[in-house]
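Engineer: Submitted below is the structure of interest, expressed as structure tokens.
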Number of protein chains: 2
Amino acid sequence: MSTNKDYKWIGTRPIRPDGADKVTGRAAFGADKNLPGMLHAKILRSPFAHAKILSIDTSAAESASGVLAVMTSADMPDLASEMGEAGESAVDFRDLSHNILASGKVLYHGHAVAAVAATSAKLALAALKLIKVEYEELPVVLEIEDAMADDAPILHEDQFTPGGSKDKPSNVAAKMKLPRGDIDKGFAEADIIIEREFTTPTVHQGYIEPHAVTASMSASGHADIWCCTQGTFVVRAMTAKVLGMDVGKIKVTPSEIGGGFGAKTTVYLEPIAVKLSEKTGRPVKMVMDREEVLRATGPTSASVIKIKLGATNDGKLIAAQGSLKYGAGAFKGSPMAPGCMCVFASYEIPNFLIRGFDVVLNKPKVAAYRAPGAPMAAFAMESLMNEMATKLNLDPIEFRLKNAVKEGSVAAYGPKFPVIGFVETLEAAKAHPHYSAPLGKNQGRGVGTGFWFNIGMQSSATINVNESGSVTVITGSADIGGSRASMALFVAEELDISYDLITPLVSNTEEAGYCDVTGGSRTTFATGMAVVKASKNLVANMRKRAAKTWGIDIDDVTWEDGAAIAPAAADKQPLTMAQIATSAAKTGGPLTASASLTAQGAGAGFGVHICDVEVDPETGKTDVIRYTAIQDAGKAIHPSYVEGQYQGGAVQGIGWALNEEYVYNDKGVLQNFGFLDYRMPVANDLPMIDTVIVEVPNPSHPYGVRGVGETPIVPPLAAVAEAVNNAAGVRICHLPISPPRLLAEIDAK
Amino acid sequence: MSTNKDYKWIGTRPIRPDGADKVTGRAAFGADKNLPGMLHAKILRSPFAHAKILSIDTSAAESASGVLAVMTSADMPDLASEMGEAGESAVDFRDLSHNILASGKVLYHGHAVAAVAATSAKLALAALKLIKVEYEELPVVLEIEDAMADDAPILHEDQFTPGGSKDKPSNVAAKMKLPRGDIDKGFAEADIIIEREFTTPTVHQGYIEPHAVTASMSASGHADIWCCTQGTFVVRAMTAKVLGMDVGKIKVTPSEIGGGFGAKTTVYLEPIAVKLSEKTGRPVKMVMDREEVLRATGPTSASVIKIKLGATNDGKLIAAQGSLKYGAGAFKGSPMAPGCMCVFASYEIPNFLIRGFDVVLNKPKVAAYRAPGAPMAAFAMESLMNEMATKLNLDPIEFRLKNAVKEGSVAAYGPKFPVIGFVETLEAAKAHPHYSAPLGKNQGRGVGTGFWFNIGMQSSATINVNESGSVTVITGSADIGGSRASMALFVAEELDISYDLITPLVSNTEEAGYCDVTGGSRTTFATGMAVVKASKNLVANMRKRAAKTWGIDIDDVTWEDGAAIAPAAADKQPLTMAQIATSAAKTGGPLTASASLTAQGAGAGFGVHICDVEVDPETGKTDVIRYTAIQDAGKAIHPSYVEGQYQGGAVQGIGWALNEEYVYNDKGVLQNFGFLDYRMPVANDLPMIDTVIVEVPNPSHPYGVRGVGETPIVPPLAAVAEAVNNAAGVRICHLPISPPRLLAEIDAK
């Protein structure tokens, strides 16, 4: 199923450049940055999920032992509510500022209220207790539909639903509507109609590495920030905005990153650390603990999704209606919009109506999580697709093949698809031995499919050639999934030199050209495209140098096997890259090339997962016993890391399906704030996740790359649920399928 | 005397970007790098100036408390004697390796023999005492002419004088001969002939910051080096060579640098730190103390220079003969060649013969020092020029004007001069009030002139534009004299935006394009040229973006006042750089530009210094009471730093003339190994050094820049000596003019 193109390096599996340092424990992560004279800062967090702040008295803390500075939101500029582009989606910078340090109100339990910088973390923690905050408690709203109610407690008195009442503030921050055709007519023509409501809980991205930053403000007002992030440029942009600085006065250097999954595309600590460093003239380090991560950094939205689906007896979808309600947490900005855009994206449906709602409530503000919004939507839609297939007595993959989008299909969200690989992926799943393997007692199988747009955005790359002919490739795209290896492979292929000669770097915001966040599955696609373009520029330059050396025209010089050759001039021996590099001083100076672009044509990614479970009818415990993730990568640059993405996404989806959920008490206080209680799957919970890489090249990328990071988290929720349905003879519409809930379902049956 | 060109930024004096951090003590120098788990390494040095190493037993040291590794030259690869380009001049990598750690023989007192890495510097020092080295002492040779004698102790048994005996090894490593015309005929036609021999002592560059490095070898074999250096790429190249690594496996990051003056263009500690880090798996820090710096890092050559000069009665030079002997220290490579090339370079002399000798002896290997080789040559030649002027009864500046090289003159070292500013500089000196100011009792005035080629070599620059329109300019040229400010000024002028919007960086060897060392007065010239070229590329790109935005042809877009304008399209409002940057995503992606080049046409620099001294006839103490340095800068980009170069060079030359010298005992042991005994001028020794910037633009540079850093150290030796001659009525031929020596001369008279 691989492309025919015969590559030397693309598609191979060399050791990642950062590998040895990671496995030997020498790689430096966010919390590993230490500077002489460094202070440690800690954050005072709200004990209430919803309250007015009447006063903050920091005087006692300021004079406490070891304390050098205290800050509150009063130390940050007042910002107007202004939407700006930062990261994958737009952000309201006033909201961002107020999430970093509460202003006027606290909106969730754990909301940051003040910060203290002291000579040790212990002294900073001690001083937090000396800060006196007077609160006026307000009623708490935690559930989406409660928050949408007419009499709901209102989080933001100045927030009105667009198109709604201009007098009455609302927790519904945004609405969306995507229509096609005539749904009344569509449902009238349907032979079978199913309608169900699905809910998914608040779940956290669950990265192993908590947020960490060390910041130092220089005497001239330049801030240096070291942090673990998916996007140094977005950290820079956000920090600049909330502190009222120019981005040119901030340098963000990325550490290695211990997981992000979308959530490390915003800032919590960075502006605080910079401001405290400015106040104290010393570097300031901040590291969250797990409790802070779970209480106060972006989980993803809980959702309430209702879908009505109509099909004809010959297995064609004819009408669909969806209502997608996403909880945003304390500030607007759930992934409702991509959820709406994805929900029907995989199928040709002549008539549909999608409505979406973005709802604020007293939980932490959500952050992006892998294919933001899509897994919940796919859980609902794919569950119904499975149920519909059963009702139609069709094989679930056959049913999907009858309705699958293909080249030329108009996507539910508007554009016409170019070459896509959904059909090929479905067929690969159908042909996979797993799909027809026998099942035992209490076992069941389910499939689910997933779609993600993938994105392009801006990237830059620079290639510097050493005098020995080895090269450095510099980008500003955080490496969260092995992208350094991929960038080196692109360069190796383009320059036709050994991978070992290439040092791929993830540089800081001053030394790298601008790159948007690593997210949305864009880095291998878009930054890779910039690397390929820079490589081509470099090859052209090296051909020019050879032409100059030989005194012939550049058009008579080609590049093969890492060397310039003059096919028409038999007397010219090939000039290797090392030779050209060594003599560069004589032919025009050092060899360097750069490229930047706004990448167009991110290829949509489709995945199909097959899941087998065994349910213990006595306890309600579900074990995943076999799992296969099949997905179109366009072209797998480094197949091991593509497979890793498939596996990682599947595992996160399995956790979401089976175990993960935020458990709140009625005061809005998270009860399971550690990894013992917030139960994510670990290695011994799971079988090896099998993978199949389908390759339907993306015509917009020089090597056919499609993003692969997001899609794999989309199919598992429905695949697992359907497997449980089939194993236990129940119909799951509410996640997680935790043992008590499943036992109740089984008992009810 | 300024150029007419009307610049907005070039020629202004903004605050240097690194200024605030330096004056507040926050700038990080070589010794300021600390890493977790870091070890400290110390060096065992030879107690003899010349000895065979019979054996080294490191076993006791290896098992000493806190010691993690010991190394000797046996840990480095055996290299063949191979000349390579590194830094300003060629280097023999075997010699370099053997200077870093002695192999077989020690060649000077303080020569490194072994190194120990331990958990603290104290434990490393303690362990040094446990290393047992058996030596066989050899006779020591310290003086140039002793080393040239037939029966001299030989340092290198495999070193033969080129063109000399192939059987008998010699301490004369190289010879040079530069002839013109017929000197016998020339001297025969001369009306006045003077011949004298001059000597100068070994002097040290005297940078305040000792050599310091922290190195860390990663688990994958990548070495990170942080150090204070004038040339990160030369540190990389040399370290790679002596350790047998590819340059692509080494990253060198420059710290701020506390002076280098040419001497921080080689390596002493870096390969040792890397190797010890490799052996221990931990970062290793090494910092020299002052004694190590003076005993074992590059001073510059002592010299013995004999010149015979013939002139006609009308004041024209007609013949000259020079013999220039330079001591190289323990390994070949004194600055004899540039000395020979400079000695007559300022004058039109129809007949001359120059002979040079590079002589090894038992002192530390010399390193480059500001205009390497030229000050000693100019001391001799300019002293004779002053004496000749007196004999001819001509004003010394008038005499020089009669013989000065100008555009079209053929330089003594070969090429024809393009536009140069020697005549303009002499005339500026003659017109300066200082030159005609009255003198008091025991006071005297002297002039001296100086020449330096200046060099071009390779440079690269990258400019990244932030989304706000502020920019970063990246080069790999160490900033030893304010070059960051100059680079920012070039960008400000080219982009026509405020200097404050520009962040100039000196990046490491992986993130910057290749740049040769900061030395030879090349950075503002050559790296500046790369910055200007990158800026022009960027402007072209921004015009293209504006043209795209407006839908017009790029040729209809010009760049003015930091904005694109369409002169022919009245309806198009100017698009500012900030606007173009903000919308870059829509017009093709991030704005970035780079350029690299081998700079051609470094403009020769000429300086004229006027010195007044007052001599105390009772003690022989000389005080400089007034001093003016006049020099052609071509174009002063940041005049304050040009003036700083003039002042700094003058002061170093004054110290060389009056006080500085290495004092050895007969065993070759340096007696004055600290700044109390090695007496450099300090602020209260000197008057304010007045400066005049002459600007005769260099036609090869877009802004007319000539290097300014080297030339100012060339004139002072003769200017001071002549002032002393005139004040005390003696004739000084031997430096330094220390009180006891001068008192002896006065007493002899």
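Residue numbering restarts at 1 for every chain of the structure tokens, chains are lettered A, B, ... in their displayed order, and ligands are numbered from 1 as they appear.
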Please extract the residues of range 204-386 of chain A with a backbone DSSP assignment of helix (DSSP H, G or I) and present them as a ChimeraX atom specification.
Structural biologist: /A:232-243,247-249,263-265,270-280,290-296,336-343,374-386
Engineer: Given a cut-off of 6 Å, which residues of chain B touch chain A, counting only C-alpha atoms, written out as a count of residues only?
Structural biologist: 17
Engineer: Do a neighbour search on Ala367 in chain B at 12 Å with only C-alpha atoms, toss out local chain neighbours closer than 4 positions, and write the hits as an MDAnalysis selection string.
Structural biologist: chainID B and resid 87:91 96 99 202:206 260:268 293:294 296:302 327:335 363 371:373
Engineer: Just asking: which residues within range 330-512 of chain B are strand (DSSP E or B) according to DSSP, as a PyMOL selection string?
Structural biologist: chain B and resi 347+351-360+404+410+416+443-452+457-465+471-475+502-506
Engineer: Hey, what's within 7 Å of Ile737 in chain A if we count only C-alpha atoms and toss same-chain stuff fewer than 5 positions away? As a list in words, please?
Structural biologist: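 Those residues are Ala657, Leu658, Asn659 and Leu742 of chain A.
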